[in-house]
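Peer 1: This is the structure I have questions about; it appears just below.
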Amino acid sequence: MAVLIAAENVEIGCAGWVYRTILSEISQVLAERGHDALATWLSDQNASVHLYGCLDARTFTPANQEAFLSALVVAQERSEANGPTGWRDPTFWPGYSDLFASLAGQAKQAAQGGPPIFRSNLSGFDEHDDSLRSGPGWPGQDAD
């Protein structure tokens with residue numbers, strides 16, 4: 001199982017292929033918006049986010065956190081509009097779409113400052129440690 005934590009109370013657990021597909025769609029939006037370093041890092045199959053199947057965007061720089069959340073919502077809206085076009089097996093689309101919509105809904109609610117209305121399918125996470133850093137943009141630290 002892969003884990004994607006986009007922000008506090010914005011998270012999903014999912015199959016690896018779902019995780020990789022969501023990251024790919026978000027990366028495309030980030031690249032279009034000029035966030036090349038983050039898009040490249042998220043697309044790098046040798047980056048820790050792919051090697052371990054876990055992404056915690058709370059460890060990004062504040063600018064990258066904001067860009068990631070914004071791109072997530074846009075990517076989900078595009079994905080929904082495109083539907084399963086080009087999918088080898090469209091029977092997987094409903095489950096994928098539901099998970100991506102849940103993640104985007106959680107992100108939208110968090111951006112509005114309200115309590116979570118979308119229920120994450122994850123539980124039991126430790127409180128976020130603000131000293132953790134990952135991704136590009138941190139001074140004096142390579143992306144891991």
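Residues in the structure tokens are named by chain (A, B, ... in the order shown) and by number from 1 within that chain; ligands are numbered from 1 in the order shown.
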Name the residues of chain A that come out as strand (DSSP E) in a backbone DSSP run; write them as an NGL selection string.

Peer 2: :A and (2-7 or 10-14 or 54-56)

Peer 1: Please produce a file of the residues just selected, as a PDB file, in the first residue's frame, where the atoms kept are N, CA, C and O atoms.

Peer 2:
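Full text of out-v9.pdb as output:
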```
ATOM      1  N   ALA A   2       0.500   2.211  -0.779  1.00  0.00           N
ATOM      2  CA  ALA A   2       1.181   3.495  -0.828  1.00  0.00           C
ATOM      3  C   ALA A   2       0.392   4.505  -0.002  1.00  0.00           C
ATOM      4  O   ALA A   2      -0.816   4.358   0.195  1.00  0.00           O
ATOM      5  N   VAL A   3       1.096   5.523   0.467  1.00  0.00           N
ATOM      6  CA  VAL A   3       0.477   6.559   1.299  1.00  0.00           C
ATOM      7  C   VAL A   3       0.813   7.921   0.715  1.00  0.00           C
ATOM      8  O   VAL A   3       1.974   8.218   0.425  1.00  0.00           O
ATOM      9  N   LEU A   4      -0.207   8.744   0.556  1.00  0.00           N
ATOM     10  CA  LEU A   4      -0.019  10.102   0.063  1.00  0.00           C
ATOM     11  C   LEU A   4      -0.655  11.060   1.065  1.00  0.00           C
ATOM     12  O   LEU A   4      -1.866  11.047   1.252  1.00  0.00           O
ATOM     13  N   ILE A   5       0.189  11.845   1.725  1.00  0.00           N
ATOM     14  CA  ILE A   5      -0.278  12.863   2.663  1.00  0.00           C
ATOM     15  C   ILE A   5       0.012  14.211   2.018  1.00  0.00           C
ATOM     16  O   ILE A   5       1.159  14.593   1.844  1.00  0.00           O
ATOM     17  N   ALA A   6      -1.038  14.910   1.632  1.00  0.00           N
ATOM     18  CA  ALA A   6      -0.878  16.185   0.939  1.00  0.00           C
ATOM     19  C   ALA A   6      -0.801  17.362   1.914  1.00  0.00           C
ATOM     20  O   ALA A   6      -0.191  18.374   1.619  1.00  0.00           O
ATOM     21  N   ALA A   7      -1.433  17.232   3.061  1.00  0.00           N
ATOM     22  CA  ALA A   7      -1.455  18.272   4.096  1.00  0.00           C
ATOM     23  C   ALA A   7      -2.073  17.639   5.340  1.00  0.00           C
ATOM     24  O   ALA A   7      -2.482  16.478   5.316  1.00  0.00           O
ATOM     25  N   VAL A  10      -5.335  15.641   5.015  1.00  0.00           N
ATOM     26  CA  VAL A  10      -5.519  15.474   3.572  1.00  0.00           C
ATOM     27  C   VAL A  10      -4.628  14.313   3.155  1.00  0.00           C
ATOM     28  O   VAL A  10      -3.437  14.479   2.916  1.00  0.00           O
ATOM     29  N   GLU A  11      -5.228  13.115   3.080  1.00  0.00           N
ATOM     30  CA  GLU A  11      -4.403  11.926   2.893  1.00  0.00           C
ATOM     31  C   GLU A  11      -5.221  10.748   2.364  1.00  0.00           C
ATOM     32  O   GLU A  11      -6.427  10.694   2.572  1.00  0.00           O
ATOM     33  N   ILE A  12      -4.540   9.860   1.685  1.00  0.00           N
ATOM     34  CA  ILE A  12      -5.158   8.601   1.263  1.00  0.00           C
ATOM     35  C   ILE A  12      -4.117   7.492   1.335  1.00  0.00           C
ATOM     36  O   ILE A  12      -2.918   7.736   1.215  1.00  0.00           O
ATOM     37  N   GLY A  13      -4.602   6.293   1.514  1.00  0.00           N
ATOM     38  CA  GLY A  13      -3.821   5.084   1.329  1.00  0.00           C
ATOM     39  C   GLY A  13      -4.365   4.426   0.080  1.00  0.00           C
ATOM     40  O   GLY A  13      -5.580   4.434  -0.162  1.00  0.00           O
ATOM     41  N   CYS A  14      -3.499   3.888  -0.756  1.00  0.00           N
ATOM     42  CA  CYS A  14      -3.972   3.351  -2.021  1.00  0.00           C
ATOM     43  C   CYS A  14      -2.972   2.351  -2.603  1.00  0.00           C
ATOM     44  O   CYS A  14      -1.850   2.238  -2.120  1.00  0.00           O
ATOM     45  N   CYS A  54       5.673   6.438  -0.492  1.00  0.00           N
ATOM     46  CA  CYS A  54       5.112   7.315   0.535  1.00  0.00           C
ATOM     47  C   CYS A  54       5.505   8.759   0.240  1.00  0.00           C
ATOM     48  O   CYS A  54       6.673   9.048  -0.005  1.00  0.00           O
ATOM     49  N   LEU A  55       4.531   9.621   0.247  1.00  0.00           N
ATOM     50  CA  LEU A  55       4.779  11.044   0.066  1.00  0.00           C
ATOM     51  C   LEU A  55       4.092  11.786   1.202  1.00  0.00           C
ATOM     52  O   LEU A  55       2.897  11.582   1.447  1.00  0.00           O
ATOM     53  N   ASP A  56       4.856  12.623   1.878  1.00  0.00           N
ATOM     54  CA  ASP A  56       4.304  13.499   2.906  1.00  0.00           C
ATOM     55  C   ASP A  56       4.654  14.925   2.492  1.00  0.00           C
ATOM     56  O   ASP A  56       5.756  15.402   2.736  1.00  0.00           O
TER      57      ASP A  56
END
```

Peer 1: Fewer than 5 positions away in the same chain doesn't count, so skip those; otherwise give me all residues within 10 Å of region 72-89 of chain A, counting only C-alpha atoms, as a list in words.

Peer 2: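 Neighbouring residues, sequence-local ones excluded: Ala6, Ile22, Leu23, Ser24, Glu25, Ile26, Ser27, Gln28, Val29, Leu30, Glu66, Ala67, Pro94, Tyr96, Ser97, Asp98, Leu99, Phe100, Ala101, Ser102, Leu103, Ala104, Gly105, Gln106, Ala107 and Lys108 of chain A.
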
Peer 1: Of the candidates A:Trp17, A:Thr59, A:Arg33, A:Leu51, which one gets nearest to Pro136 (chain A) if we count only C-alpha atoms?

Peer 2: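 The closest residue to Pro136 (chain A) is A:Thr59.
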
Peer 1: Could you check how far CA of Gly137 (chain A) sits from CA of Pro62 (chain A), in Å to one decimal?

Peer 2: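 Separating CA of Gly137 (chain A) from CA of Pro62 (chain A) is a distance of 9.5 Å.
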
Peer 1: Rounded to one decimal, what separation in Å do you get between CA of Ala37 (chain A) and CA of Gly135 (chain A)?

Peer 2: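 Answer for the CA of Ala37 (chain A) to CA of Gly135 (chain A) separation: 8.7 Å.
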
Peer 1: Pick the closest to Gln45 (chain A) from A:Arg20, A:Thr61, A:Ser70, A:Gly114: which is it, counting only C-alpha atoms?

Peer 2: A:Arg20

Peer 1: Write out as a PDB file with C-alpha atoms, in the first residue's frame the set of residues from region 18-105 of chain A that DSSP, computed on the backbone, places in helix (DSSP H, G or I).

Peer 2:
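What follows is the written file result_3.pdb:
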```pdb
ATOM      1  CA  VAL A  18      -3.015   4.638  -8.041  1.00  0.00           C
ATOM      2  CA  TYR A  19      -0.338   6.549  -6.123  1.00  0.00           C
ATOM      3  CA  ARG A  20       1.990   6.696  -9.139  1.00  0.00           C
ATOM      4  CA  THR A  21      -0.823   7.780 -11.462  1.00  0.00           C
ATOM      5  CA  ILE A  22      -1.952  10.562  -9.118  1.00  0.00           C
ATOM      6  CA  LEU A  23       1.640  11.795  -8.733  1.00  0.00           C
ATOM      7  CA  SER A  24       2.058  11.755 -12.506  1.00  0.00           C
ATOM      8  CA  GLU A  25      -1.069  13.834 -13.023  1.00  0.00           C
ATOM      9  CA  ILE A  26      -0.041  16.320 -10.323  1.00  0.00           C
ATOM     10  CA  SER A  27       3.487  16.525 -11.773  1.00  0.00           C
ATOM     11  CA  GLN A  28       2.097  17.478 -15.188  1.00  0.00           C
ATOM     12  CA  VAL A  29       0.180  20.404 -13.678  1.00  0.00           C
ATOM     13  CA  LEU A  30       3.205  21.494 -11.632  1.00  0.00           C
ATOM     14  CA  ALA A  31       5.399  21.517 -14.755  1.00  0.00           C
ATOM     15  CA  GLU A  32       2.819  23.571 -16.674  1.00  0.00           C
ATOM     16  CA  ASP A  36       9.835  22.338 -12.665  1.00  0.00           C
ATOM     17  CA  ALA A  37      12.058  21.235  -9.772  1.00  0.00           C
ATOM     18  CA  LEU A  38       9.137  19.794  -7.804  1.00  0.00           C
ATOM     19  CA  ALA A  39       7.568  18.218 -10.904  1.00  0.00           C
ATOM     20  CA  THR A  40      10.883  16.612 -11.852  1.00  0.00           C
ATOM     21  CA  TRP A  41      11.485  15.325  -8.326  1.00  0.00           C
ATOM     22  CA  LEU A  42       7.984  13.837  -8.102  1.00  0.00           C
ATOM     23  CA  SER A  43       8.479  12.166 -11.493  1.00  0.00           C
ATOM     24  CA  SER A  48      12.310   8.452  -2.206  1.00  0.00           C
ATOM     25  CA  VAL A  49       8.642   9.122  -2.989  1.00  0.00           C
ATOM     26  CA  HIS A  50       8.733   6.307  -5.549  1.00  0.00           C
ATOM     27  CA  LEU A  51      11.199   4.007  -3.838  1.00  0.00           C
ATOM     28  CA  ALA A  57       3.967  16.932   1.312  1.00  0.00           C
ATOM     29  CA  ARG A  58       3.989  18.503   4.783  1.00  0.00           C
ATOM     30  CA  THR A  59       7.780  18.097   4.541  1.00  0.00           C
ATOM     31  CA  PRO A  62       5.910  26.221   2.175  1.00  0.00           C
ATOM     32  CA  ALA A  63       5.937  27.353  -1.480  1.00  0.00           C
ATOM     33  CA  ASN A  64       6.073  23.755  -2.700  1.00  0.00           C
ATOM     34  CA  GLN A  65       3.297  22.733  -0.305  1.00  0.00           C
ATOM     35  CA  GLU A  66       1.056  25.443  -1.709  1.00  0.00           C
ATOM     36  CA  ALA A  67       1.944  24.577  -5.316  1.00  0.00           C
ATOM     37  CA  PHE A  68       1.362  20.867  -4.684  1.00  0.00           C
ATOM     38  CA  LEU A  69      -2.084  21.370  -3.137  1.00  0.00           C
ATOM     39  CA  SER A  70      -3.170  23.709  -5.897  1.00  0.00           C
ATOM     40  CA  ALA A  71      -1.909  21.331  -8.598  1.00  0.00           C
ATOM     41  CA  LEU A  72      -3.624  18.396  -6.881  1.00  0.00           C
ATOM     42  CA  VAL A  73      -7.042  20.032  -7.188  1.00  0.00           C
ATOM     43  CA  VAL A  74      -6.494  21.017 -10.839  1.00  0.00           C
ATOM     44  CA  ALA A  75      -5.136  17.559 -11.715  1.00  0.00           C
ATOM     45  CA  GLN A  76      -8.161  15.848 -10.179  1.00  0.00           C
ATOM     46  CA  GLU A  77     -10.571  18.132 -12.042  1.00  0.00           C
ATOM     47  CA  ARG A  78      -8.796  17.357 -15.331  1.00  0.00           C
ATOM     48  CA  SER A  79      -8.756  13.659 -14.575  1.00  0.00           C
ATOM     49  CA  GLU A  80     -12.475  13.689 -13.863  1.00  0.00           C
ATOM     50  CA  ALA A  81     -13.180  15.608 -17.076  1.00  0.00           C
ATOM     51  CA  ASN A  82     -11.092  13.162 -19.145  1.00  0.00           C
ATOM     52  CA  PRO A  90     -11.436   1.177 -17.730  1.00  0.00           C
ATOM     53  CA  THR A  91     -12.962  -1.037 -15.027  1.00  0.00           C
ATOM     54  CA  PHE A  92     -10.353   0.389 -12.627  1.00  0.00           C
ATOM     55  CA  TRP A  93     -11.502   3.964 -13.291  1.00  0.00           C
ATOM     56  CA  PRO A  94     -14.311   4.253 -10.686  1.00  0.00           C
ATOM     57  CA  GLY A  95     -12.086   3.271  -7.756  1.00  0.00           C
ATOM     58  CA  TYR A  96      -9.258   5.499  -8.955  1.00  0.00           C
ATOM     59  CA  SER A  97     -11.607   8.405  -9.542  1.00  0.00           C
ATOM     60  CA  ASP A  98     -13.193   8.032  -6.100  1.00  0.00           C
ATOM     61  CA  LEU A  99      -9.828   8.052  -4.302  1.00  0.00           C
ATOM     62  CA  PHE A 100      -8.544  11.037  -6.282  1.00  0.00           C
ATOM     63  CA  ALA A 101     -11.813  12.916  -5.688  1.00  0.00           C
ATOM     64  CA  SER A 102     -11.593  12.178  -1.966  1.00  0.00           C
ATOM     65  CA  LEU A 103      -8.056  13.551  -1.829  1.00  0.00           C
ATOM     66  CA  ALA A 104      -8.991  16.690  -3.786  1.00  0.00           C
ATOM     67  CA  GLY A 105     -12.106  17.204  -1.652  1.00  0.00           C
TER      68      GLY A 105
END
```

Peer 1: Which is closer to Gly113 (chain A) than all the others in A:Tyr52, A:Glu8, A:Met1, A:Ala47, using only C-alpha atoms?

Peer 2: A:Glu8
